[in-house]
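Novice: Compact mmCIF, C-alpha atoms and all ligand atoms, saved as data09.txt, coming up:
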```
# COMPACT_ATOMS: atom_id res chain seq x y z
CA MET A 1 -20.04 18.94 -12.08
CA ASN A 2 -20.12 18.13 -8.36
CA THR A 3 -17.88 15.84 -6.34
CA THR A 4 -18.42 14.50 -2.84
CA VAL A 5 -15.15 14.37 -0.92
CA LEU A 6 -14.18 12.65 2.35
CA ILE A 7 -12.66 15.30 4.63
CA ALA A 8 -11.57 15.89 8.23
CA GLN A 9 -11.42 19.33 9.84
CA SER A 10 -9.50 18.16 12.92
CA TYR A 11 -7.45 15.15 14.03
CA GLY A 12 -9.12 12.28 15.85
CA SER A 13 -10.97 8.99 15.51
CA ALA A 14 -12.92 8.16 12.34
CA ASP A 15 -16.39 8.39 13.93
CA LYS A 16 -15.60 11.88 15.29
CA VAL A 17 -13.74 13.63 12.45
CA LEU A 18 -14.61 12.10 9.06
CA GLU A 19 -17.34 13.87 7.09
CA PHE A 20 -18.52 14.26 3.49
CA TYR A 21 -18.39 17.57 1.66
CA THR A 22 -19.95 18.24 -1.75
CA GLN A 23 -18.50 20.93 -3.98
CA GLU A 24 -18.49 22.01 -7.62
CA LEU A 25 -15.37 21.09 -9.61
CA PRO A 26 -13.55 23.89 -11.46
CA PRO A 27 -12.91 23.55 -15.24
CA LEU A 28 -10.49 20.70 -15.96
CA ASN A 29 -6.84 21.80 -16.21
CA SER A 30 -4.67 20.82 -19.17
CA ASP A 31 -3.07 17.36 -19.28
CA MET A 32 -5.65 16.16 -16.74
CA ALA A 33 -8.45 13.60 -16.85
CA ARG A 34 -11.68 13.81 -14.83
CA ILE A 35 -12.49 10.40 -13.35
CA LYS A 36 -15.71 8.96 -11.94
CA VAL A 37 -14.20 6.89 -9.12
CA LYS A 38 -15.50 3.30 -8.86
CA THR A 39 -13.16 2.01 -6.15
CA ALA A 40 -10.24 3.37 -4.12
CA GLY A 41 -7.86 1.45 -1.88
CA ILE A 42 -7.41 2.68 1.69
CA ASN A 43 -3.84 2.90 2.95
CA PRO A 44 -2.85 2.82 6.61
CA ILE A 45 -1.30 6.24 5.96
CA ASP A 46 -4.79 7.70 5.29
CA ALA A 47 -5.98 6.59 8.72
CA ARG A 48 -2.72 7.67 10.39
CA ARG A 49 -3.08 11.16 8.86
CA MET A 50 -6.68 11.27 10.12
CA THR A 51 -5.58 10.59 13.74
CA GLY A 52 -2.81 13.19 13.55
CA GLU A 53 0.06 10.70 13.81
CA PHE A 54 1.20 12.31 10.54
CA LYS A 55 0.52 16.03 10.38
CA HIS A 56 0.67 16.96 6.71
CA GLY A 57 -0.79 20.10 5.17
CA ASN A 58 -3.67 22.31 6.23
CA MET A 59 -7.21 21.59 7.37
CA PRO A 60 -9.53 20.38 6.07
CA GLN A 61 -7.48 17.41 4.93
CA THR A 62 -8.55 15.02 2.21
CA PHE A 63 -7.55 11.37 1.81
CA GLY A 64 -6.75 8.55 -0.60
CA THR A 65 -3.76 7.93 -2.87
CA GLU A 66 -5.10 5.44 -5.42
CA PHE A 67 -8.24 4.74 -7.44
CA ALA A 68 -9.88 2.94 -10.34
CA GLY A 69 -12.64 4.53 -12.40
CA GLU A 70 -14.02 5.75 -15.71
CA ILE A 71 -12.84 8.79 -17.63
CA LEU A 72 -15.60 11.44 -17.82
CA GLU A 73 -13.56 14.18 -19.52
CA ILE A 74 -10.04 14.75 -20.84
CA ASN A 75 -8.14 17.98 -21.44
CA SER A 76 -5.08 16.87 -23.39
CA ASP A 77 -3.74 16.38 -26.91
CA ASN A 78 -2.45 12.98 -25.76
CA ASN A 79 -4.80 10.45 -27.39
CA GLN A 80 -3.65 7.45 -25.31
CA PHE A 81 -6.99 7.58 -23.42
CA LYS A 82 -10.55 8.59 -24.33
CA VAL A 83 -13.79 9.38 -22.51
CA GLY A 84 -15.37 6.18 -21.18
CA ASP A 85 -12.05 4.33 -20.71
CA ALA A 86 -11.60 2.26 -17.54
CA VAL A 87 -8.36 3.31 -15.83
CA LEU A 88 -6.50 3.12 -12.54
CA GLY A 89 -3.63 4.96 -10.93
CA SER A 90 -2.31 7.14 -8.14
CA GLY A 91 -3.15 10.60 -6.89
CA GLY A 92 -1.82 12.45 -3.87
CA SER A 93 -4.23 12.36 -0.91
CA PHE A 94 -7.51 13.15 -2.67
CA THR A 95 -8.87 9.96 -4.27
CA HIS A 96 -11.52 9.25 -1.61
CA ALA A 97 -14.06 11.30 -3.54
CA THR A 98 -16.75 10.51 -6.11
CA VAL A 99 -15.13 12.50 -8.96
CA ILE A 100 -11.41 13.43 -9.13
CA ASP A 101 -9.05 15.24 -11.51
CA VAL A 102 -5.78 13.37 -12.15
CA PRO A 103 -2.74 14.02 -14.36
CA ILE A 104 -2.93 11.83 -17.49
CA GLY A 105 0.62 10.61 -16.77
CA ASN A 106 -0.63 8.88 -13.58
CA LEU A 107 -3.08 6.64 -15.46
CA ILE A 108 -2.87 3.12 -16.84
CA SER A 109 -5.65 1.09 -18.49
CA LYS A 110 -7.63 -1.28 -16.29
CA PRO A 111 -7.37 -4.83 -17.66
CA GLU A 112 -10.86 -5.88 -18.80
CA SER A 113 -10.78 -9.08 -16.79
CA MET A 114 -9.84 -7.30 -13.54
CA SER A 115 -12.60 -6.44 -11.05
CA TRP A 116 -13.01 -2.82 -9.95
CA GLU A 117 -12.22 -3.87 -6.35
CA VAL A 118 -8.84 -5.28 -7.34
CA ALA A 119 -8.06 -2.47 -9.80
CA GLY A 120 -8.56 0.24 -7.18
CA SER A 121 -6.34 -1.47 -4.64
CA LEU A 122 -3.02 -1.96 -6.43
CA ALA A 123 -1.36 1.40 -7.14
CA GLY A 124 0.12 2.15 -3.71
CA VAL A 125 1.36 -1.32 -2.85
CA SER A 126 2.80 -2.00 -6.32
CA GLN A 127 4.87 1.16 -6.43
CA THR A 128 5.98 0.84 -2.80
CA ALA A 129 7.07 -2.80 -3.18
CA SER A 130 8.98 -1.96 -6.38
CA THR A 131 10.69 1.00 -4.69
CA ILE A 132 11.79 -1.23 -1.79
CA LEU A 133 13.41 -3.82 -4.05
CA ASP A 134 15.00 -1.21 -6.33
CA GLU A 135 16.53 0.58 -3.33
CA ILE A 136 17.84 -2.65 -1.78
CA GLY A 137 19.47 -3.72 -5.08
CA ASP A 138 21.06 -7.05 -5.86
CA ILE A 139 20.53 -9.56 -3.01
CA LYS A 140 19.98 -13.29 -2.54
CA SER A 141 17.99 -13.32 0.72
CA LEU A 142 15.42 -10.96 2.25
CA LEU A 143 13.63 -10.83 5.61
CA ILE A 144 10.24 -9.04 5.58
CA HIS A 145 8.52 -8.10 8.86
CA GLY A 146 4.71 -7.81 8.77
CA ALA A 147 4.38 -9.23 5.27
CA SER A 148 0.74 -10.34 4.99
CA GLY A 149 -0.57 -6.79 4.52
CA GLY A 150 -0.76 -4.91 1.25
CA VAL A 151 2.87 -3.92 0.68
CA GLY A 152 4.30 -7.16 2.06
CA SER A 153 2.09 -9.37 -0.14
CA ILE A 154 3.42 -7.75 -3.31
CA THR A 155 7.01 -7.36 -2.04
CA ILE A 156 7.25 -11.13 -1.41
CA GLN A 157 6.12 -11.93 -4.95
CA LEU A 158 8.30 -9.33 -6.69
CA ALA A 159 11.29 -10.56 -4.67
CA LYS A 160 10.60 -14.19 -5.66
CA GLU A 161 10.32 -13.06 -9.29
CA ARG A 162 13.87 -11.65 -8.94
CA GLY A 163 15.11 -15.00 -7.56
CA ILE A 164 15.44 -13.81 -3.95
CA ASP A 165 14.85 -16.21 -1.02
CA VAL A 166 12.25 -14.61 1.26
CA VAL A 167 11.51 -15.24 4.93
CA ALA A 168 8.45 -13.29 6.07
CA THR A 169 6.65 -12.71 9.37
CA ALA A 170 2.97 -12.41 10.27
CA SER A 171 0.66 -13.74 12.99
CA SER A 172 -0.24 -17.44 13.18
CA LYS A 173 -3.43 -16.97 11.13
CA ASN A 174 -1.43 -15.77 8.10
CA GLN A 175 1.32 -18.42 7.97
CA ASP A 176 -0.31 -20.45 5.17
CA TYR A 177 -0.99 -17.24 3.27
CA LEU A 178 2.72 -16.23 3.40
CA LYS A 179 3.67 -19.69 2.18
CA LYS A 180 1.23 -19.40 -0.72
CA LEU A 181 2.92 -16.13 -1.76
CA GLY A 182 6.30 -17.90 -1.87
CA ALA A 183 7.87 -16.95 1.49
CA VAL A 184 9.12 -19.13 4.32
CA PRO A 185 6.66 -18.07 7.03
CA VAL A 186 7.61 -17.21 10.63
CA ILE A 187 5.34 -16.02 13.46
CA TYR A 188 6.30 -12.65 14.98
CA GLY A 189 6.44 -12.24 18.78
CA GLU A 190 8.64 -13.54 21.59
CA GLY A 191 11.40 -15.87 20.37
CA LEU A 192 11.36 -14.35 16.86
CA VAL A 193 15.16 -14.32 16.40
CA ASP A 194 15.45 -18.02 17.29
CA ARG A 195 12.68 -18.93 14.85
CA LEU A 196 14.29 -16.84 12.09
CA LYS A 197 17.69 -18.51 12.66
CA GLU A 198 16.05 -21.93 12.62
CA VAL A 199 14.56 -21.43 9.13
CA HIS A 200 17.49 -19.32 7.81
CA PRO A 201 20.76 -20.08 9.67
CA GLU A 202 22.81 -17.79 7.37
CA ALA A 203 22.62 -14.03 7.93
CA PHE A 204 20.16 -12.25 5.58
CA ASP A 205 21.44 -9.92 2.85
CA ALA A 206 18.70 -7.41 3.72
CA SER A 207 15.50 -6.81 5.67
CA ILE A 208 12.51 -4.52 5.31
CA ASP A 209 9.98 -3.78 8.05
CA MET A 210 6.30 -3.00 7.42
CA SER A 211 5.29 -3.10 11.11
CA GLY A 212 7.39 -0.42 12.82
CA THR A 213 7.91 -2.47 15.99
CA GLU A 214 11.05 -2.46 18.15
CA GLU A 215 10.94 -6.25 17.95
CA ALA A 216 11.35 -6.07 14.16
CA THR A 217 14.28 -3.63 14.47
CA GLN A 218 16.08 -5.84 17.01
CA ALA A 219 15.42 -9.00 14.97
CA SER A 220 16.88 -7.36 11.85
CA LEU A 221 19.98 -6.18 13.75
CA SER A 222 20.49 -9.80 14.97
CA THR A 223 19.92 -11.59 11.68
CA VAL A 224 21.09 -9.31 8.81
CA LYS A 225 24.74 -9.27 7.65
CA ALA A 226 26.89 -6.49 9.14
CA ASP A 227 26.95 -4.64 5.79
CA GLY A 228 23.39 -5.65 4.81
CA PHE A 229 20.53 -3.22 4.14
CA ILE A 230 18.01 -2.78 6.99
CA GLY A 231 15.02 -0.68 5.97
CA THR A 232 11.56 0.33 7.16
CA ILE A 233 8.53 1.73 5.39
CA ALA A 234 6.48 2.12 8.58
CA GLY A 235 7.33 5.80 9.11
CA LYS A 236 7.78 5.30 12.87
CA LEU A 237 10.69 6.32 15.11
CA VAL A 238 13.41 3.65 15.11
CA SER A 239 16.01 2.97 17.78
CA SER A 240 18.98 2.35 15.45
CA PRO A 241 20.60 4.58 12.80
CA ARG A 242 21.18 1.41 10.76
CA VAL A 243 17.47 1.33 9.90
CA LYS A 244 16.92 3.35 6.72
CA PRO A 245 13.50 4.79 5.89
CA VAL A 246 12.15 3.92 2.44
CA TRP A 247 9.46 6.14 0.81
CA VAL A 248 7.42 5.18 -2.24
CA LYS A 249 8.53 6.56 -5.60
CA ARG A 250 5.73 6.74 -8.17
CA ASN A 251 6.46 4.90 -11.41
CA VAL A 252 3.68 3.84 -13.79
CA ASN A 253 5.87 1.13 -15.38
CA ASN A 254 6.23 -0.56 -11.98
CA LEU A 255 2.47 -0.26 -11.50
CA LYS A 256 1.80 -1.75 -14.95
CA HIS A 257 4.11 -4.68 -14.22
CA VAL A 258 2.18 -5.66 -11.07
CA VAL A 259 -1.28 -4.98 -12.56
CA GLU A 260 -0.51 -7.15 -15.61
CA GLY A 261 0.95 -9.87 -13.34
CA VAL A 262 -2.21 -9.89 -11.19
CA ALA A 263 -4.48 -9.88 -14.27
CA LYS A 264 -2.62 -12.88 -15.73
CA GLY A 265 -2.65 -14.78 -12.41
CA LYS A 266 1.14 -14.61 -12.10
CA PHE A 267 0.81 -12.63 -8.84
CA TYR A 268 -1.73 -13.58 -6.16
CA TRP A 269 -3.75 -10.74 -4.65
CA GLU A 270 -6.50 -10.55 -2.03
CA VAL A 271 -8.91 -7.75 -1.28
CA ASP A 272 -9.65 -8.09 2.44
CA LYS A 273 -12.82 -5.98 2.85
CA VAL A 274 -14.89 -3.76 0.53
CA PHE A 275 -16.66 -0.84 2.27
CA PRO A 276 -19.30 1.40 0.65
CA PHE A 277 -18.02 5.02 0.51
CA GLU A 278 -20.73 6.02 3.05
CA LYS A 279 -19.09 3.60 5.53
CA ALA A 280 -15.63 5.21 5.25
CA ALA A 281 -15.46 5.73 9.04
CA GLU A 282 -15.91 1.98 9.58
CA ALA A 283 -13.18 1.28 7.01
CA TYR A 284 -10.66 3.70 8.56
CA THR A 285 -11.32 2.23 12.02
CA TYR A 286 -10.67 -1.29 10.69
CA ILE A 287 -7.41 -0.21 8.99
CA LEU A 288 -6.04 1.16 12.26
CA GLU A 289 -6.27 -2.31 13.83
CA GLY A 290 -3.24 -3.17 11.63
CA HIS A 291 -4.20 -6.72 10.62
CA THR A 292 -5.33 -6.29 7.02
CA ARG A 293 -4.61 -9.20 4.69
CA GLY A 294 -3.94 -7.74 1.23
CA LYS A 295 -5.94 -4.52 0.96
CA ASN A 296 -9.18 -2.76 1.92
CA VAL A 297 -11.19 -0.83 -0.63
CA LEU A 298 -13.89 1.84 -0.73
CA GLN A 299 -16.62 1.32 -3.32
CA PHE A 300 -18.48 4.30 -4.80
N1 LIG B 1 7.00 4.53 3.29
C1 LIG B 1 6.06 4.48 2.35
O1 LIG B 1 6.20 5.04 1.26
C2 LIG B 1 4.83 3.67 2.64
C3 LIG B 1 4.01 3.23 1.59
C4 LIG B 1 2.92 2.42 1.90
C5 LIG B 1 2.66 2.09 3.24
N2 LIG B 1 3.46 2.59 4.21
C6 LIG B 1 3.28 2.20 5.63
O2 LIG B 1 3.80 0.89 5.74
C7 LIG B 1 3.09 0.12 6.71
C8 LIG B 1 2.61 -1.18 6.09
O3 LIG B 1 1.65 -0.91 5.08
P1 LIG B 1 0.64 -2.04 4.61
O4 LIG B 1 -0.34 -1.38 3.73
O5 LIG B 1 1.36 -3.23 4.12
O6 LIG B 1 -0.04 -2.39 6.04
P2 LIG B 1 -1.15 -3.44 6.41
O7 LIG B 1 -1.81 -3.89 5.15
O8 LIG B 1 -1.97 -2.84 7.48
O9 LIG B 1 -0.30 -4.70 6.98
C9 LIG B 1 0.09 -4.77 8.29
C10 LIG B 1 0.97 -6.03 8.47
O10 LIG B 1 1.63 -5.91 9.72
C11 LIG B 1 1.51 -7.16 10.41
N3 LIG B 1 1.61 -6.91 11.84
C12 LIG B 1 0.65 -6.46 12.70
N4 LIG B 1 1.17 -6.39 13.94
C13 LIG B 1 2.48 -6.78 13.86
C14 LIG B 1 3.55 -6.94 14.80
N5 LIG B 1 3.37 -6.66 16.09
N6 LIG B 1 4.75 -7.37 14.34
C15 LIG B 1 4.96 -7.65 13.04
N7 LIG B 1 3.98 -7.54 12.09
C16 LIG B 1 2.76 -7.11 12.51
C17 LIG B 1 0.19 -7.73 9.96
O11 LIG B 1 0.18 -9.16 10.13
P3 LIG B 1 -1.02 -9.90 10.96
O12 LIG B 1 -2.31 -9.41 10.38
O13 LIG B 1 -0.79 -11.35 10.69
O14 LIG B 1 -0.85 -9.50 12.40
C18 LIG B 1 0.21 -7.35 8.47
O15 LIG B 1 0.99 -8.30 7.78
C19 LIG B 1 1.96 1.04 7.20
O16 LIG B 1 2.40 1.64 8.41
C20 LIG B 1 1.85 2.11 6.11
O17 LIG B 1 1.38 3.35 6.61
C21 LIG B 1 4.53 3.35 3.94
```
Please lay out the structure from this file as structure tokens.

Specialist:
Amino acid sequence: MNTTVLIAQSYGSADKVLEFYTQELPPLNSDMARIKVKTAGINPIDARRMTGEFKHGNMPQTFGTEFAGEILEINSDNNQFKVGDAVLGSGGSFTHATVIDVPIGNLISKPESMSWEVAGSLAGVSQTASTILDEIGDIKSLLIHGASGGVGSITIQLAKERGIDVVATASSKNQDYLKKLGAVPVIYGEGLVDRLKEVHPEAFDASIDMSGTEEATQASLSTVKADGFIGTIAGKLVSSPRVKPVWVKRNVNNLKHVVEGVAKGKFYWEVDKVFPFEKAAEAYTYILEGHTRGKNVLQF
């Protein structure tokens, strides 16, 4: 069976380096499922690896860390899934391809009522948002910088579910959206600290930054308690040793919790744009602008 994979043989902009490569798949390894991919979310990290901001692994590099699709073949005694099942899950940097092989343990069932676009967009953000809150621990108030994107949208709602007061930043166009998710919205940019203190005069127990800006670091240092947690998921250089990097930990139970919550309408979720796989270069260029609301998805 053949698969067509999105690859890059050098670092650079999407229109220059992204290409499609078709190859034959080897026999399926044990405890793996072969999936016909229907949709796959695009993470900013995919586009940042493409440009060379993150230099991981050898060339050619492949992309994509999440997917939804149908099982074509299974090589396992585990009878939790069967051929034809609709599933979703995570895979490490190879899901932007028409057919992929994934460990069975990474899969969960796609709720019948959930669209393919939504199903393919949730694995990365769900597990990252859960990791953030688990690492921060027991708190009463949380500041989130850059919260209208994928990770922020879910982090706000998981924090509210845990009874945490959330103040979140985004641009002016996303203030109503943040409010809808349950946060007190604040516009980032000049005067940020004053606006944060106006809506939340007490110091925050913790903050987490999705944007990687110096402004976010300085605002956290000015508004979080002296012994409070200040974290970032942005993977950018930070100017203070107080800012702790947080990296996603994969956990299918955390994924299931968010997927079921979205399916039941308990959590709100938006897919920003859906791009056909052939238009991957357009999608990666859009992601790099950094103003996604919710998530962008490739459709196969
Ligand atoms: N550490 C990990 O394990 C991990 C996991 C997943 C993602 N990440 C990284 O985490 C970051 C966030 O991911 P994401 O998927 O949520 O990103 P995203 O969907 O692209 O969201 C970007 C967010 O940043 C906001 N923003 C843009 N410019 C800003 C500024 N100058 N100041 C403050 N906020 C600003 C945007 O709001 P507006 O649109 O309103 O401007 C939006 O809310 C990315 O860099 C990604 O690579 C890391």

Novice: Identify, on the basis of only C-alpha atoms, every residue whose closest approach to A:Gly294 does not exceed 10 Å; exclude the query and any residue fewer than 6 positions from it along the same chain; express the result as a list in words.

Specialist: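 Listed by chain and then number, they are Ser121, Leu122, Val125, Ala147, Ser148, Gly149, Gly150, Val151, Gly152, Ser153, Ile154, Tyr268, Trp269, Glu270, Val271, Asp272 and Lys273 of chain A.
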
Novice: Atom O7 of ligand LIG 1 (chain B) to atom CA of A:Gly290: how many Å, to one decimal?

Specialist: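 According to the coordinates, atom O7 of ligand LIG 1 (chain B) and atom CA of A:Gly290 are separated by 6.7 Å.
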
Novice: Taking only C-alpha atoms into account, produce a table as a Markdown table in which each residue of stretch 85-105 of chain A with an atom at most 12 Å from an atom of stretch 7-10 of chain A appears once, together with its shortest atom pair and the distance in Å to one decimal, ordered by chain and rising number.

Specialist:
```
| residue | atom | partner | partner_atom | distance |
| --- | --- | --- | --- | --- |
| A:Ser93 | CA | A:Ile7 | CA | 10.5 |
| A:Phe94 | CA | A:Ile7 | CA | 9.2 |
| A:Thr95 | CA | A:Ile7 | CA | 11.0 |
| A:His96 | CA | A:Ile7 | CA | 8.8 |
| A:Ala97 | CA | A:Ile7 | CA | 9.2 |
```

Novice: I'd like a table as a Markdown table: residues in chain A with an atom no more than 6 Å from ligand LIG 1 (chain B), each row giving the shortest atom pair and its distance in Å to one decimal, all atoms listed in the file counted, sorted by chain and rising residue number.

Specialist:
```
| residue | atom | partner | partner_atom | distance |
| --- | --- | --- | --- | --- |
| A:Asn43 | CA | B:LIG1 | O4 | 5.6 |
| A:Pro44 | CA | B:LIG1 | O17 | 4.3 |
| A:Ile45 | CA | B:LIG1 | O17 | 4.0 |
| A:Thr128 | CA | B:LIG1 | C3 | 5.4 |
| A:His145 | CA | B:LIG1 | C15 | 5.5 |
| A:Gly146 | CA | B:LIG1 | N7 | 3.4 |
| A:Ala147 | CA | B:LIG1 | O15 | 4.3 |
| A:Ser148 | CA | B:LIG1 | O15 | 3.5 |
| A:Gly149 | CA | B:LIG1 | O7 | 3.2 |
| A:Gly150 | CA | B:LIG1 | O5 | 3.9 |
| A:Val151 | CA | B:LIG1 | O5 | 3.8 |
| A:Gly152 | CA | B:LIG1 | O5 | 5.3 |
| A:Ala170 | CA | B:LIG1 | O13 | 3.9 |
| A:Ser171 | CA | B:LIG1 | O13 | 3.6 |
| A:Asn174 | CA | B:LIG1 | O13 | 5.2 |
| A:Tyr188 | CA | B:LIG1 | C15 | 5.5 |
| A:Met210 | CA | B:LIG1 | C8 | 4.3 |
| A:Ser211 | CA | B:LIG1 | N7 | 4.7 |
| A:Ile233 | CA | B:LIG1 | N1 | 3.8 |
| A:Ala234 | CA | B:LIG1 | O2 | 4.1 |
| A:Gly235 | CA | B:LIG1 | N1 | 6.0 |
| A:Val246 | CA | B:LIG1 | N1 | 5.3 |
| A:Trp247 | CA | B:LIG1 | O1 | 3.5 |
| A:Val248 | CA | B:LIG1 | O1 | 3.7 |
| A:Gly290 | CA | B:LIG1 | O8 | 4.4 |
| A:His291 | CA | B:LIG1 | O12 | 3.3 |
| A:Thr292 | CA | B:LIG1 | O7 | 4.7 |
| A:Gly294 | CA | B:LIG1 | O7 | 5.9 |
| A:Lys295 | CA | B:LIG1 | O7 | 5.9 |
```

Novice: Looking at A:Val252, A:Val184, A:Ala119, A:Ala68, which one is nearest to A:Asp165, with distances taken over all atoms listed in the file?

Specialist: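 Once distances to A:Asp165 are computed over all atoms listed in the file, the minimum belongs to A:Val184.
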
Novice: Could you check how far atom CA of A:Tyr286 sits from atom CA of A:Ala123, in Å to one decimal?

Specialist: 20.3 Å

Novice: Contacts of A:Glu135 at 12 Å or less, counting only C-alpha atoms, minus same-chain residues fewer than 3 places along, as a VMD selection string?

Specialist: chain A and resid 128 to 132 138 to 139 206 to 208 229 to 233 244 to 249

Novice: Within 10 Å of A:Thr223, counting all atoms listed in the file, which residues show up once you throw out same-chain ones fewer than 2 positions away? Write them as a list in words, please.

Specialist: Leu143, Val193, Asp194, Leu196, Lys197, His200, Pro201, Glu202, Ala203, Phe204, Asp205, Ala206, Ser207, Gln218, Ala219, Ser220, Leu221, Lys225, Ala226 and Gly228 of chain A

Novice: Figure out the distance between atom CA of A:Val262 and atom CA of A:Gly120, please, to one decimal in Å.

Specialist: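 That distance, rounded to one decimal, is 12.6 Å.
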
Novice: Could you pull the residues within 9 Å of A:Ser109, counting all atoms listed in the file, minus those fewer than 2 positions along the same chain, as a PyMOL selection string?

Specialist: chain A and resi 81+85-89+107+111-112+256

Novice: Env of A:Leu298: 7 Å cut, atoms = only C-alpha atoms, seq-sep filter 6 positions within chain, self excluded. Answer as a list in words.

Specialist: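 My list of contacting residues is Thr39, Ala40, Gly41, Ile42, Val274, Phe275, Pro276 and Phe277 of chain A.
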
Novice: From the set A:Gln299, A:Thr22, A:Thr62, A:Ser30, which residue has the shortest atom-to-atom contact distance to A:Thr3, counting all atoms listed in the file?

Specialist: A:Thr22

Novice: Go through A:Asn254, A:Met32, A:Glu161, A:Ala216 and flag the residue nearest A:Gly191, using all atoms listed in the file for the distances.

Specialist: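 For A:Gly191, the nearest of the given residues is A:Ala216.
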
Novice: Choose the residue, out of A:Lys180, A:Arg162, A:Lys38, A:Arg49, that has the smallest atom-to-atom separation from A:Trp116; count only C-alpha atoms.

Specialist: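 That would be A:Lys38, the residue with the smallest distance to A:Trp116.
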
Novice: Which is closer to A:Met50 than all the others in A:Lys236, A:Lys266, A:Lys16, A:Lys36, using all atoms listed in the file?

Specialist: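 Among the listed residues, the smallest separation from A:Met50 belongs to A:Lys16.
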
Novice: Could you tell me which of A:Gly52, A:Pro103, A:Gly12, A:Gly92 comes closest to A:Ile35 if we count all atoms listed in the file?

Specialist: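 Smallest distance to A:Ile35 is found for A:Pro103.
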